[in-house]
file my_file-v9.txt (compact mmCIF, C-alpha atoms)
# COMPACT_ATOMS: atom_id res chain seq x y z
CA MET A 1 -8.58 11.38 93.51
CA GLU A 2 -10.50 12.97 96.35
CA THR A 3 -12.75 9.95 96.79
CA GLN A 4 -10.57 7.21 95.31
CA LYS A 5 -11.30 3.95 97.11
CA ILE A 6 -8.19 2.09 98.23
CA GLN A 7 -7.91 -1.58 97.36
CA LYS A 8 -4.97 -3.28 99.04
CA VAL A 9 -5.53 -6.62 97.33
CA ASN A 10 -6.56 -7.38 93.77
CA PRO A 11 -8.29 -10.78 94.18
CA LEU A 12 -7.68 -11.86 90.58
CA TYR A 13 -3.98 -11.01 90.80
CA LEU A 14 -3.62 -12.82 94.11
CA LEU A 15 -5.41 -15.93 92.85
CA ALA A 16 -3.34 -15.94 89.66
CA ASN A 17 -0.13 -15.91 91.70
CA ILE A 18 -1.38 -18.86 93.74
CA PHE A 19 -3.05 -21.05 91.13
CA LEU A 20 -1.19 -20.46 87.85
CA PRO A 21 1.96 -22.21 89.15
CA ILE A 22 -0.26 -25.05 90.40
CA MET A 23 -1.89 -25.30 86.97
CA ALA A 24 1.58 -25.38 85.40
CA MET A 25 2.53 -28.30 87.66
CA VAL A 26 -0.65 -30.18 86.77
CA LEU A 27 -0.02 -29.53 83.07
CA GLY A 28 3.51 -30.88 83.48
CA ILE A 29 2.11 -34.10 84.95
CA VAL A 30 -0.40 -34.36 82.09
CA VAL A 31 2.39 -33.97 79.52
CA VAL A 32 4.39 -36.74 81.20
CA VAL A 33 1.36 -39.04 81.17
CA VAL A 34 0.75 -38.30 77.49
CA ILE A 35 4.39 -39.12 76.72
CA HIS A 36 4.01 -42.51 78.34
CA ILE A 37 0.65 -43.17 76.65
CA ALA A 38 2.19 -42.25 73.29
CA GLY A 39 4.47 -45.24 73.67
CA VAL A 40 7.79 -43.44 73.96
CA SER A 41 10.49 -45.85 75.11
CA ALA A 42 10.77 -46.24 78.87
CA ASP A 43 14.27 -44.77 79.09
CA ILE A 44 13.55 -41.73 76.95
CA GLY A 45 10.07 -41.21 78.40
CA SER A 46 11.29 -41.38 81.98
CA GLY A 47 14.15 -39.00 81.25
CA VAL A 48 11.99 -36.44 79.46
CA GLY A 49 9.28 -36.77 82.09
CA ALA A 50 11.76 -36.21 84.92
CA VAL A 51 13.13 -33.10 83.24
CA ILE A 52 9.65 -31.66 82.63
CA ILE A 53 8.53 -32.30 86.19
CA MET A 54 11.73 -30.82 87.62
CA VAL A 55 11.59 -27.69 85.44
CA VAL A 56 7.91 -27.04 86.18
CA TYR A 57 8.18 -27.66 89.91
CA VAL A 58 11.35 -25.61 90.30
CA GLY A 59 9.77 -22.82 88.25
CA ALA A 60 6.64 -22.82 90.42
CA ILE A 61 8.64 -22.74 93.65
CA PHE A 62 10.89 -20.02 92.23
CA TRP A 63 7.85 -17.94 91.30
CA TRP A 64 6.23 -18.31 94.71
CA ALA A 65 9.52 -17.37 96.38
CA ILE A 66 10.42 -14.21 94.46
CA GLY A 67 7.99 -13.65 91.56
CA PRO A 68 5.37 -11.46 93.26
CA ARG A 69 8.11 -9.45 95.00
CA LYS A 70 9.90 -8.75 91.71
CA VAL A 71 6.66 -7.71 90.01
CA TYR A 72 5.84 -5.46 92.96
CA GLU A 73 9.27 -3.80 92.90
CA LYS A 74 9.18 -3.21 89.14
CA LYS A 75 5.63 -1.84 89.16
CA ARG A 76 6.41 0.30 92.22
CA GLU A 77 9.36 2.00 90.57
CA ALA A 78 7.32 2.69 87.44
CA LYS A 79 4.45 4.18 89.46
CA LEU A 80 6.79 6.38 91.52
CA LYS A 81 8.47 7.72 88.37
CA GLU A 82 5.03 8.45 86.96
CA LEU A 83 4.18 10.40 90.11
CA ASP A 84 7.35 12.46 89.71
CA THR A 85 6.34 13.48 86.18
CA GLN A 86 2.93 14.54 87.50
CA GLY A 87 4.41 17.03 89.97
CA PHE A 88 4.06 14.90 93.06
CA THR A 89 6.75 16.05 95.52
CA ARG A 90 8.11 12.97 97.24
CA ASN A 91 9.36 14.41 100.51
CA HIS A 92 9.57 10.91 101.97
CA THR A 93 9.09 7.51 100.38
CA PHE A 94 9.12 4.33 102.40
CA ASN A 95 9.38 1.00 100.61
CA ALA A 96 8.18 -1.91 102.72
CA ASP A 97 7.68 -5.53 101.74
CA GLY A 98 3.91 -5.26 101.44
CA CYS A 99 3.30 -1.56 100.79
CA THR A 100 5.09 1.56 99.60
CA VAL A 101 4.02 4.95 100.92
CA ALA A 102 5.14 8.23 99.36
CA VAL A 103 4.24 11.49 101.07
CA ASP A 104 3.96 14.90 99.41
CA ALA A 105 4.08 17.22 102.40
CA VAL A 106 4.03 20.29 100.12
CA HIS A 107 0.73 19.61 98.40
CA GLY A 108 -0.75 17.45 101.15
CA LYS A 109 -0.98 14.16 99.26
CA ILE A 110 -0.22 10.51 99.98
CA ALA A 111 0.51 7.85 97.36
CA MET A 112 0.38 4.11 98.02
CA VAL A 113 1.34 1.02 96.03
CA PHE A 114 0.48 -2.40 97.44
CA LYS A 115 2.27 -5.69 96.81
CA TRP A 116 -0.91 -7.57 95.99
CA ASN A 117 -2.31 -4.81 93.78
CA PRO A 118 0.85 -3.45 92.13
CA SER A 119 -0.76 -2.18 88.95
CA GLN A 120 -2.51 0.63 90.80
CA CYS A 121 -1.11 3.65 92.59
CA PHE A 122 -3.57 5.23 94.99
CA VAL A 123 -3.14 8.97 95.51
CA ILE A 124 -5.31 10.66 98.11
CA PRO A 125 -5.40 14.01 99.91
CA ALA A 126 -3.70 13.58 103.28
CA ASN A 127 -6.69 14.97 105.17
CA ARG A 128 -8.51 11.71 104.42
CA VAL A 129 -6.17 10.12 106.96
CA GLY A 130 -7.57 9.70 110.43
CA LYS A 131 -5.59 8.16 113.26
CA MET A 132 -1.81 7.84 112.78
CA TRP A 133 0.44 5.94 115.14
CA VAL A 134 3.59 3.86 115.63
CA ASP A 135 3.37 0.23 116.76
CA ASP A 136 6.60 -0.94 118.39
CA GLY A 137 5.33 -4.51 118.57
CA LYS A 138 6.61 -4.90 122.11
CA THR A 139 5.85 -8.33 123.57
CA PRO A 140 5.03 -9.06 127.23
CA LEU A 141 8.62 -10.28 127.59
CA GLY A 142 9.95 -6.92 126.46
CA GLY A 143 11.24 -7.53 122.92
CA THR A 144 9.83 -7.10 119.43
CA SER A 145 9.87 -8.80 116.06
CA ARG A 146 8.02 -6.07 114.18
CA VAL A 147 7.95 -2.29 114.15
CA SER A 148 5.53 -0.41 111.95
CA PHE A 149 3.67 2.82 111.42
CA LEU A 150 -0.06 2.76 110.81
CA PHE A 151 -2.74 5.14 109.64
CA MET A 152 -6.44 4.99 108.88
CA VAL A 153 -7.89 6.00 105.53
CA ASP A 154 -11.65 6.12 105.90
CA GLU A 155 -12.30 2.79 107.67
CA MET A 156 -9.23 1.00 106.30
CA LYS A 157 -6.07 0.45 108.33
CA ILE A 158 -2.79 0.72 106.47
CA ARG A 159 0.18 -0.92 108.19
CA VAL A 160 3.69 -0.34 106.89
CA ASN A 161 6.49 -2.33 108.49
CA THR A 162 9.81 -0.62 109.13
CA PHE A 163 11.30 -3.75 110.70
CA THR A 164 10.39 -7.44 110.73
CA SER A 165 12.28 -10.47 111.98
CA ASN A 166 11.69 -14.15 112.65
CA LYS A 167 13.11 -13.69 116.13
CA VAL A 168 12.53 -11.28 119.00
CA TRP A 169 14.95 -8.39 119.37
CA ASN A 170 15.72 -6.24 122.39
CA MET A 171 13.91 -2.91 122.29
CA LYS A 172 17.25 -1.12 122.63
CA SER A 173 18.95 -2.93 119.76
CA ASN A 174 20.16 -0.75 116.88
CA TYR A 175 17.79 -2.47 114.44
CA VAL A 176 14.73 -1.70 116.56
CA LEU A 177 15.81 1.85 117.42
CA GLU A 178 16.42 2.61 113.75
CA ALA A 179 13.05 1.15 112.81
CA LEU A 180 11.31 3.24 115.47
CA SER A 181 13.09 6.34 114.21
CA LYS A 182 11.92 5.66 110.65
CA ALA A 183 8.37 5.03 111.82
CA ASP A 184 8.34 8.26 113.87
CA MET A 185 9.68 10.20 110.88
CA MET A 186 6.97 8.86 108.59
CA ILE A 187 4.24 9.72 111.09
CA GLU A 188 5.57 13.26 111.41
CA THR A 189 5.67 13.57 107.62
CA LEU A 190 2.10 12.30 107.39
CA LYS A 191 1.03 14.89 109.95
CA THR A 192 2.74 17.64 107.96
CA ALA A 193 0.99 16.48 104.80
CA TYR A 194 -2.32 16.35 106.68
CA ASN A 195 -1.93 19.96 107.80
CA ALA A 196 -1.02 21.01 104.26
CA ALA A 197 -4.13 19.27 102.91
CA GLN A 198 -6.29 20.95 105.52
CA GLY A 199 -4.82 24.30 104.53
CA ASN A 200 -5.46 23.63 100.86
CA ALA A 201 -9.04 22.61 101.60
CA GLY A 202 -9.62 25.80 103.58
CA ALA A 203 -8.16 27.93 100.80
CA ASN A 204 -10.37 26.26 98.20
CA MET A 205 -13.46 27.05 100.29
CA GLN A 206 -12.72 30.76 100.37
call {"tool": "encode", "arguments": {"input": "my_file-v9.txt", "output": "structure tokens"}}
result
Amino acid sequence: METQKIQKVNPLYLLANIFLPIMAMVLGIVVVVVIHIAGVSADIGSGVGAVIIMVVYVGAIFWWAIGPRKVYEKKREAKLKELDTQGFTRNHTFNADGCTVAVDAVHGKIAMVFKWNPSQCFVIPANRVGKMWVDDGKTPLGGTSRVSFLFMVDEMKIRVNTFTSNKVWNMKSNYVLEALSKADMMIETLKTAYNAAQGNAGANMQ
């Protein structure tokens, strides 16, 4: 755990999510072609072919829209429950779209589960964290469409969004203020965990 290397993206998992639905669509087209080659009557062949194409294409679009998110959510809950059974004290857990961060401020540990690598839960001592900060995402015009808290683990930057939008919001809007409050709280919790980890490291050296 002390030296566990964090991997935010599992390349094989990411590629599977992209290309397996495409392969399914290609296979659907092949099946339709085979039906026509087999000499099935035009009416029946066209009807069956249309159904196959529709089912495969709708399934692929459905998967791209919500499949990875559902897998991430299910895996995340399982990993967090597993942490609980291992004595990890979840003082604060923040579930974002791309990453979940759980902080054990008692034992000085941080756990992370990433959307594109949901089968792994990375648990590290909090004193491996370097810089920690809040990004309000403020634009030159004065609004924001994203608020997040960030921290460095070794040379890797971890960004966790507390608010995202497809439009720009006023910095004093309730949504933005709440997001900033959540981000500030998580940074303070990370700092508490960092201090606990430093204390534990010092005690172990004595």
call {"tool": "residues_around", "arguments": {"input": "my_file-v9.txt", "residues": "Val147 of chain A", "least_positions_apart": "4", "cutoff": "8 Å", "atoms": "all atoms listed in the file", "output": "list in words"}}
result
Val134, Asp135, Asp136, Gly137, Asn161, Thr162, Phe163, Thr164, Val176, Ala179, Leu180 and Ala183 of chain A
call {"tool": "residues_around", "arguments": {"input": "my_file-v9.txt", "residues": "Asp154 of chain A", "least_positions_apart": "4", "cutoff": "12 Å", "atoms": "all atoms listed in the file", "output": "ChimeraX atom specification"}}
result
/A:2-6,124-131,158
call {"tool": "write_last_selection", "arguments": {"input": "my_file-v9.txt", "atoms": "C-alpha atoms", "output": "PDB file, keeping the file's coordinate frame"}}
result
ATOM      1  CA  GLU A   2     -10.500  12.970  96.350  1.00  0.00           C
ATOM      2  CA  THR A   3     -12.750   9.950  96.790  1.00  0.00           C
ATOM      3  CA  GLN A   4     -10.570   7.210  95.310  1.00  0.00           C
ATOM      4  CA  LYS A   5     -11.300   3.950  97.110  1.00  0.00           C
ATOM      5  CA  ILE A   6      -8.190   2.090  98.230  1.00  0.00           C
ATOM      6  CA  ILE A 124      -5.310  10.660  98.110  1.00  0.00           C
ATOM      7  CA  PRO A 125      -5.400  14.010  99.910  1.00  0.00           C
ATOM      8  CA  ALA A 126      -3.700  13.580 103.280  1.00  0.00           C
ATOM      9  CA  ASN A 127      -6.690  14.970 105.170  1.00  0.00           C
ATOM     10  CA  ARG A 128      -8.510  11.710 104.420  1.00  0.00           C
ATOM     11  CA  VAL A 129      -6.170  10.120 106.960  1.00  0.00           C
ATOM     12  CA  GLY A 130      -7.570   9.700 110.430  1.00  0.00           C
ATOM     13  CA  LYS A 131      -5.590   8.160 113.260  1.00  0.00           C
ATOM     14  CA  ILE A 158      -2.790   0.720 106.470  1.00  0.00           C
TER      15      ILE A 158
END
call {"tool": "closest_residue", "arguments": {"input": "my_file-v9.txt", "among": "A:Lys191, A:Lys74, A:Arg69, A:Lys157", "to": "Trp116 of chain A", "atoms": "all atoms listed in the file"}}
result
A:Arg69
call {"tool": "residues_around", "arguments": {"input": "my_file-v9.txt", "residues": "segment 140-144 of chain A", "least_positions_apart": "6", "cutoff": "9 Å", "atoms": "only C-alpha atoms", "output": "number ranges by chain"}}
result
A: 164-165, 167-172, 176
call {"tool": "residues_around", "arguments": {"input": "my_file-v9.txt", "residues": "Asn17 of chain A", "least_positions_apart": "3", "cutoff": "12 Å", "atoms": "only C-alpha atoms", "output": "ChimeraX atom specification"}}
result
/A:10-14,20-24,60-69,71,115-117
call {"tool": "write_last_selection", "arguments": {"input": "my_file-v9.txt", "atoms": "C-alpha atoms", "output": "PDB file, keeping the file's coordinate frame"}}
result
ATOM      1  CA  ASN A  10      -6.560  -7.380  93.770  1.00  0.00           C
ATOM      2  CA  PRO A  11      -8.290 -10.780  94.180  1.00  0.00           C
ATOM      3  CA  LEU A  12      -7.680 -11.860  90.580  1.00  0.00           C
ATOM      4  CA  TYR A  13      -3.980 -11.010  90.800  1.00  0.00           C
ATOM      5  CA  LEU A  14      -3.620 -12.820  94.110  1.00  0.00           C
ATOM      6  CA  LEU A  20      -1.190 -20.460  87.850  1.00  0.00           C
ATOM      7  CA  PRO A  21       1.960 -22.210  89.150  1.00  0.00           C
ATOM      8  CA  ILE A  22      -0.260 -25.050  90.400  1.00  0.00           C
ATOM      9  CA  MET A  23      -1.890 -25.300  86.970  1.00  0.00           C
ATOM     10  CA  ALA A  24       1.580 -25.380  85.400  1.00  0.00           C
ATOM     11  CA  ALA A  60       6.640 -22.820  90.420  1.00  0.00           C
ATOM     12  CA  ILE A  61       8.640 -22.740  93.650  1.00  0.00           C
ATOM     13  CA  PHE A  62      10.890 -20.020  92.230  1.00  0.00           C
ATOM     14  CA  TRP A  63       7.850 -17.940  91.300  1.00  0.00           C
ATOM     15  CA  TRP A  64       6.230 -18.310  94.710  1.00  0.00           C
ATOM     16  CA  ALA A  65       9.520 -17.370  96.380  1.00  0.00           C
ATOM     17  CA  ILE A  66      10.420 -14.210  94.460  1.00  0.00           C
ATOM     18  CA  GLY A  67       7.990 -13.650  91.560  1.00  0.00           C
ATOM     19  CA  PRO A  68       5.370 -11.460  93.260  1.00  0.00           C
ATOM     20  CA  ARG A  69       8.110  -9.450  95.000  1.00  0.00           C
ATOM     21  CA  VAL A  71       6.660  -7.710  90.010  1.00  0.00           C
ATOM     22  CA  LYS A 115       2.270  -5.690  96.810  1.00  0.00           C
ATOM     23  CA  TRP A 116      -0.910  -7.570  95.990  1.00  0.00           C
ATOM     24  CA  ASN A 117      -2.310  -4.810  93.780  1.00  0.00           C
TER      25      ASN A 117
END
call {"tool": "closest_residue", "arguments": {"input": "my_file-v9.txt", "among": "A:Ser119, A:Ala105, A:Ile187, A:Phe114", "to": "Val9 of chain A", "atoms": "all atoms listed in the file"}}
result
A:Phe114
call {"tool": "atom_distance", "arguments": {"input": "my_file-v9.txt", "atom1": "atom CA of Met54 of chain A", "atom2": "atom CA of Ile18 of chain A"}}
result
18.8 Å
call {"tool": "closest_residue", "arguments": {"input": "my_file-v9.txt", "among": "A:Arg76, A:His107, A:Lys81, A:Arg90", "to": "Tyr194 of chain A", "atoms": "all atoms listed in the file"}}
result
A:His107
call {"tool": "closest_residue", "arguments": {"input": "my_file-v9.txt", "among": "A:Val56, A:Lys109, A:Ala50, A:Lys8", "to": "Val32 of chain A", "atoms": "all atoms listed in the file"}}
result
A:Ala50
